[in-house]
Amino acid sequence: MIDPSMVPSLDPNPLPAPYWVFKLLLVVTFTLHMMAMNLMLGGAALALLARWRKGNAYGNRIFLDVAKKVPSLMAATISLGIAPLLFVQVLYGQYFYTSSILLAWPWFLVIVFVIAAYYGFYFVAYRGEHRPLAAGRAMLFSTTLVLLVGFIYTNNITLGLVPTRWAQKYSNSASGWHLNLTEPTLFPRYLHFMISAVAVGGLLLVLMAWAKWKQEREYALALFQFGGKAFMYANMAQIVIGMAFLMSLPREERMLFMGDSPLASALLGIGLVGAFAIIFLMSAALRKEDIRLAGLGVTSITAVVIATMCVMRDMVRDAYLEPYLKAQPYTVQTQWSPLLLFLGVFVAGVALWAVMLWRYGFFTKAGAAGK
Amino acid sequence: MNYPVWDVAFGAGLLMALVAGLHVFVSHFAVGGGLFLVLTEIKARRGQDHQLLNWLKAHTKFFVLTTVVFGAVSGVGIWFTIGLISPTATSDLIHIYVWGWAIEWVFFFLEITAALLYLNGWEKLEPRLHQWYGWIYFITAYASLVVINGIITFMLTPGHWIENHQFWTGFFNPTYWPSLAFRSCICLALAGIYALITASVQKDAALKARIVRWAALWTVPCLAMLPVFGRWYISRIPKDLWANARGAMPTGTMFAGLACMLLGVTLLLALLALAWPRRLHLAFALVVALVAFGAMDSFEFVREAVRKPYVIENYLYANSLYAGPVAGDGGFTVDKVSDAGVLKAARWVNNRELNLGNQVAAGREIFRVECSSCHTPDSYRGIHQFLVRREWDQDTIKGMIGGLYLMHNGVMPPFAGTDAERGALAAYLATLQTAHPAVGGVVDGKTVYEHDCAMCHALRADDHLFSNMPRDPKAAVDALKDLPSMFPVMPDLKLSEGERAALVQWVNTVRPAAAQPALPPPAAAPSKGGN
């Protein structure tokens, strides 16, 4: 029989830099990926909602304006997703490849779904005005596909955390159709990520309102109200779902955040306080029609909350895998010149990226409004 | 063996070929097309050719929708797919080249940003600034190729990396520069070929003709240069590997021929388009693209085929066994698995012990872990089809598995496992056999050769069968009675006297009359590294 306590061994090639370098890169790039994904998926979902909502004079305009931003946000999501995909394979390859193989077909379908969703989003962005009915359907189609992609991801990531479940699944069938549906954390975890997208999608609308605040106050207010409220309600739901997620974790992992680990507990505290603070601040901003408070204040705190959540997510993973990680220590042999070259290219790349956006006019009011 | 094996009924290799084949055809366009956009813009603005400029705007949209969406996501698709099909190789390549991948990611990110700004900036930016984005796009896209080329060529010719494991040694490996030149040519040629597609739907015949002539300037010289760089490329590939594309391996040879032929046809079609540029039809442009796609993918197939049986030449076999002992190999080398037994060494098998009742079930599991990275039971590279052609029975199969590494110029890895496990694999494979030799029919020597000898003994004067077989028919017929006594890896075929006599007679008719100088006996099983 297949040994249920077994995980694949590390390959013979050592880590080409210290562990913490990859850990840092993984968490930072994953956080950026999450932010882009939230904006893209949340934007698409709220665009649909805006169109369906009755009694809003600007519903269709919001739909079209947000839809124009979604393809670029999709590009950002994918581009920023490649880096964590790389670094997770550097540090957690044995778990990641194995779980991926167990759900190989759904995992492969992610690529098909992403391509189809991406073309759907482009269709809406380019043809939305002229073909409203088809655009609505395309938006629904693409958003549904992205939601499915998220579900497949959640299945793969959670399955990668429980090696004891692999042998049984693989013995039953090697054809790659195993989801991880019996996992208690699956649905709370999935909802936690998807609802966060709706919240951050609300922020996208708030930022769009900010860009139009001076020229078109009435429309900007409609955007602000819609986005701000979506943000608030989603965050309220998020507190409940987040708690459900925490409760669904195995005792050991849960207790990390309830005193066993001071750092994890502090992060949960920051996350919770942050979640309440952004709801409160957004409510105040909406009441006072203070777009700056929403666009700058709430956005900044939300970014901190997202980063906190991503670090917590990483701690949960390491807690799950602790016995296996301990049994297979990495060897490290730093490749200095490629590492330095990467750092040089990375710094230069970020600088060039900023210059590209700046020259395009993203950082000037006129430029932002023109987009 | 370290990882579970995904059972894809129609063949995991086919799925990989599909994803990679589509991706490379778009990704090379993504590089060459970038330079095409910016140079065409400069040309159009200098000549104040507003029609050309308007076409270029539409072409940019086509370019972005093709490369940024399909090209980029299918590139991620390759990662997904190789992780599913060859997790060990993927893990190796990630750990050896993570900084290469990471550098490539930075270029990719810049490339995508620049492409979107170039597309959206047509109406918004002044020309020089717009072209600046175009240049950034092209330079970063080309830089991506510069990086990935190092990793792809490393897999074929790792060179001295095998000894020193240094990043740059493997990166700037023997085929790095010829491959870069070759692929650069493909990129530029494809820029012109894709331009034909959007040009063909232009209503203004004069504009269409201008675009076709301009596109031909990219396509024709680059296609003509490909054989030159191709020769350089081939000259840097070890001769015994290249022999796979020169007759030693049927698939490699077929694709090499196909690549050359389709390249010629692509060039011819491009010249035809140039001859009647005003009449270019969309269907014709699509045919040019399709033929070019065939040529390019045939080239990629050849590159993969000559590397067989390795994923990383001389380091890792396609079935995820290391060619020789490496520190930290986890016991996954041919020697160690042969010592321990594959059913003990492999992590993801259920039949740990062999007994009379589980031969076929265990054999199926051995097939899955050792063979299914390239073969299916009866679909892509199907064993069923192979066995039916040769009419082997279970004993013959078992004998043949012992010499896998000698077949078709060493295109397969050696079997790793105990003798009993070899028997179990043969028992399973025999269930795929549906053909049975006719009893009492006329025996034809050529058929005997093709069924039982041709896999390892190529029809060449210097092959052992043709050079060393005794000239005296009777002695030869006697010698063929006991094949393992001649060379231990030979299968114990038990040919009938009639078959042996027919084979000897046929060999004597096809081999040169004069005796060839005897060759040294072949090397023993390549348990330390194959061919």
# chains A, B, ... in the order shown; residues from 1 in each chain; ligands from 1
$ closest_atom_pairs --of "chain A" --to "chain B" --cutoff "7 Å" --atoms "only C-alpha atoms" --output "JSON lines"
{"residue": "A:Met1", "atom": "CA", "partner": "B:Asn350", "partner_atom": "CA", "distance": 4.1}
{"residue": "A:Ile2", "atom": "CA", "partner": "B:Asn350", "partner_atom": "CA", "distance": 5.5}
{"residue": "A:Pro8", "atom": "CA", "partner": "B:Asn2", "partner_atom": "CA", "distance": 5.3}
{"residue": "A:Ser9", "atom": "CA", "partner": "B:Gly330", "partner_atom": "CA", "distance": 6.4}
{"residue": "A:Asp11", "atom": "CA", "partner": "B:Asp92", "partner_atom": "CA", "distance": 6.2}
{"residue": "A:Pro12", "atom": "CA", "partner": "B:Gly328", "partner_atom": "CA", "distance": 4.4}
{"residue": "A:Asn13", "atom": "CA", "partner": "B:His95", "partner_atom": "CA", "distance": 6.0}
{"residue": "A:Pro14", "atom": "CA", "partner": "B:His95", "partner_atom": "CA", "distance": 6.7}
{"residue": "A:Leu15", "atom": "CA", "partner": "B:His95", "partner_atom": "CA", "distance": 6.1}
{"residue": "A:Pro16", "atom": "CA", "partner": "B:His95", "partner_atom": "CA", "distance": 6.8}
{"residue": "A:Ser79", "atom": "CA", "partner": "B:Phe109", "partner_atom": "CA", "distance": 5.8}
{"residue": "A:Ala83", "atom": "CA", "partner": "B:Trp105", "partner_atom": "CA", "distance": 6.8}
{"residue": "A:Val90", "atom": "CA", "partner": "B:His95", "partner_atom": "CA", "distance": 6.2}
{"residue": "A:Gly93", "atom": "CA", "partner": "B:Ser91", "partner_atom": "CA", "distance": 6.6}
{"residue": "A:Tyr97", "atom": "CA", "partner": "B:Gly83", "partner_atom": "CA", "distance": 6.2}
{"residue": "A:Thr98", "atom": "CA", "partner": "B:Tyr3", "partner_atom": "CA", "distance": 6.4}
{"residue": "A:Ser100", "atom": "CA", "partner": "B:Leu84", "partner_atom": "CA", "distance": 6.6}
{"residue": "A:Ile101", "atom": "CA", "partner": "B:Leu84", "partner_atom": "CA", "distance": 5.3}
{"residue": "A:Ala104", "atom": "CA", "partner": "B:Leu84", "partner_atom": "CA", "distance": 6.6}
{"residue": "A:Phe108", "atom": "CA", "partner": "B:Phe80", "partner_atom": "CA", "distance": 6.7}
{"residue": "A:Ile111", "atom": "CA", "partner": "B:Gly77", "partner_atom": "CA", "distance": 5.7}
{"residue": "A:Ile115", "atom": "CA", "partner": "B:Phe70", "partner_atom": "CA", "distance": 6.3}
{"residue": "A:Tyr118", "atom": "CA", "partner": "B:Val69", "partner_atom": "CA", "distance": 6.7}
{"residue": "A:Ala174", "atom": "CA", "partner": "B:Asp7", "partner_atom": "CA", "distance": 5.5}
{"residue": "A:Ser175", "atom": "CA", "partner": "B:Asp7", "partner_atom": "CA", "distance": 4.8}
{"residue": "A:Gly176", "atom": "CA", "partner": "B:Trp6", "partner_atom": "CA", "distance": 6.1}
{"residue": "A:Pro338", "atom": "CA", "partner": "B:Trp99", "partner_atom": "CA", "distance": 5.8}
{"residue": "A:Leu339", "atom": "CA", "partner": "B:Trp99", "partner_atom": "CA", "distance": 6.0}
{"residue": "A:Phe342", "atom": "CA", "partner": "B:Ile103", "partner_atom": "CA", "distance": 5.3}
{"residue": "A:Val345", "atom": "CA", "partner": "B:Ile103", "partner_atom": "CA", "distance": 6.6}
{"residue": "A:Phe346", "atom": "CA", "partner": "B:Val106", "partner_atom": "CA", "distance": 6.2}
{"residue": "A:Gly349", "atom": "CA", "partner": "B:Val106", "partner_atom": "CA", "distance": 6.4}
{"residue": "A:Trp353", "atom": "CA", "partner": "B:Leu110", "partner_atom": "CA", "distance": 6.4}
$ residues_around --residues "region 59-64 of chain A" --least-positions-apart "3" --cutoff "8 Å" --atoms "only C-alpha atoms" --output "compact mmCIF listing (two decimals) with N, CA and C atoms, in the first residue's frame"
# COMPACT_ATOMS: atom_id res chain seq x y z
N LEU A 46 -18.89 43.60 -8.95
CA LEU A 46 -19.67 44.80 -8.65
C LEU A 46 -20.20 45.45 -9.93
N ALA A 47 -19.45 45.31 -11.02
CA ALA A 47 -19.95 45.83 -12.30
C ALA A 47 -21.26 45.14 -12.65
N LEU A 48 -21.27 43.83 -12.47
CA LEU A 48 -22.49 43.06 -12.74
C LEU A 48 -23.62 43.50 -11.82
N ALA A 50 -23.97 46.31 -10.30
CA ALA A 50 -24.41 47.67 -10.63
C ALA A 50 -25.44 47.64 -11.75
N ARG A 51 -25.21 46.77 -12.70
CA ARG A 51 -26.11 46.70 -13.84
C ARG A 51 -27.45 46.07 -13.48
N TRP A 52 -27.39 45.12 -12.58
CA TRP A 52 -28.62 44.42 -12.22
C TRP A 52 -29.47 45.22 -11.23
N ARG A 53 -28.81 46.10 -10.49
CA ARG A 53 -29.52 46.81 -9.42
C ARG A 53 -30.55 47.74 -10.04
N ASN A 56 -31.02 52.59 -10.21
CA ASN A 56 -29.80 53.39 -10.18
C ASN A 56 -29.56 53.96 -11.58
N ALA A 67 -15.88 47.83 -16.27
CA ALA A 67 -15.52 46.75 -17.20
C ALA A 67 -14.28 47.11 -18.01
N LYS A 68 -14.10 48.41 -18.29
CA LYS A 68 -12.92 48.83 -19.07
C LYS A 68 -11.62 48.61 -18.29
N VAL A 124 -16.24 42.57 -23.21
CA VAL A 124 -17.08 43.55 -22.53
C VAL A 124 -16.45 44.94 -22.62
N ALA A 125 -15.12 44.98 -22.42
CA ALA A 125 -14.44 46.28 -22.44
C ALA A 125 -14.54 46.94 -23.81
N GLY A 128 -18.84 46.51 -25.01
CA GLY A 128 -19.91 46.67 -24.01
C GLY A 128 -20.96 47.69 -24.39
N GLU A 129 -20.51 48.80 -24.97
CA GLU A 129 -21.45 49.87 -25.28
C GLU A 129 -22.40 49.49 -26.40
N LEU A 223 -20.82 56.45 -7.72
CA LEU A 223 -19.77 55.43 -7.65
C LEU A 223 -19.33 55.22 -6.20
$ atom_distance --atom1 "CA of Leu25 (chain A)" --atom2 "CA of Leu145 (chain A)"
28.3 Å
$ closest_residue --among "B:Asn54, B:Asn508, B:Ser338, B:Asn244" --to "Gly410 (chain B)" --atoms "only C-alpha atoms"
B:Asn244
$ select_by_dssp --residues "region 131-175 of chain A" --states "helix (DSSP H, G or I)" --output "ChimeraX atom specification"
/A:132-159,163-172
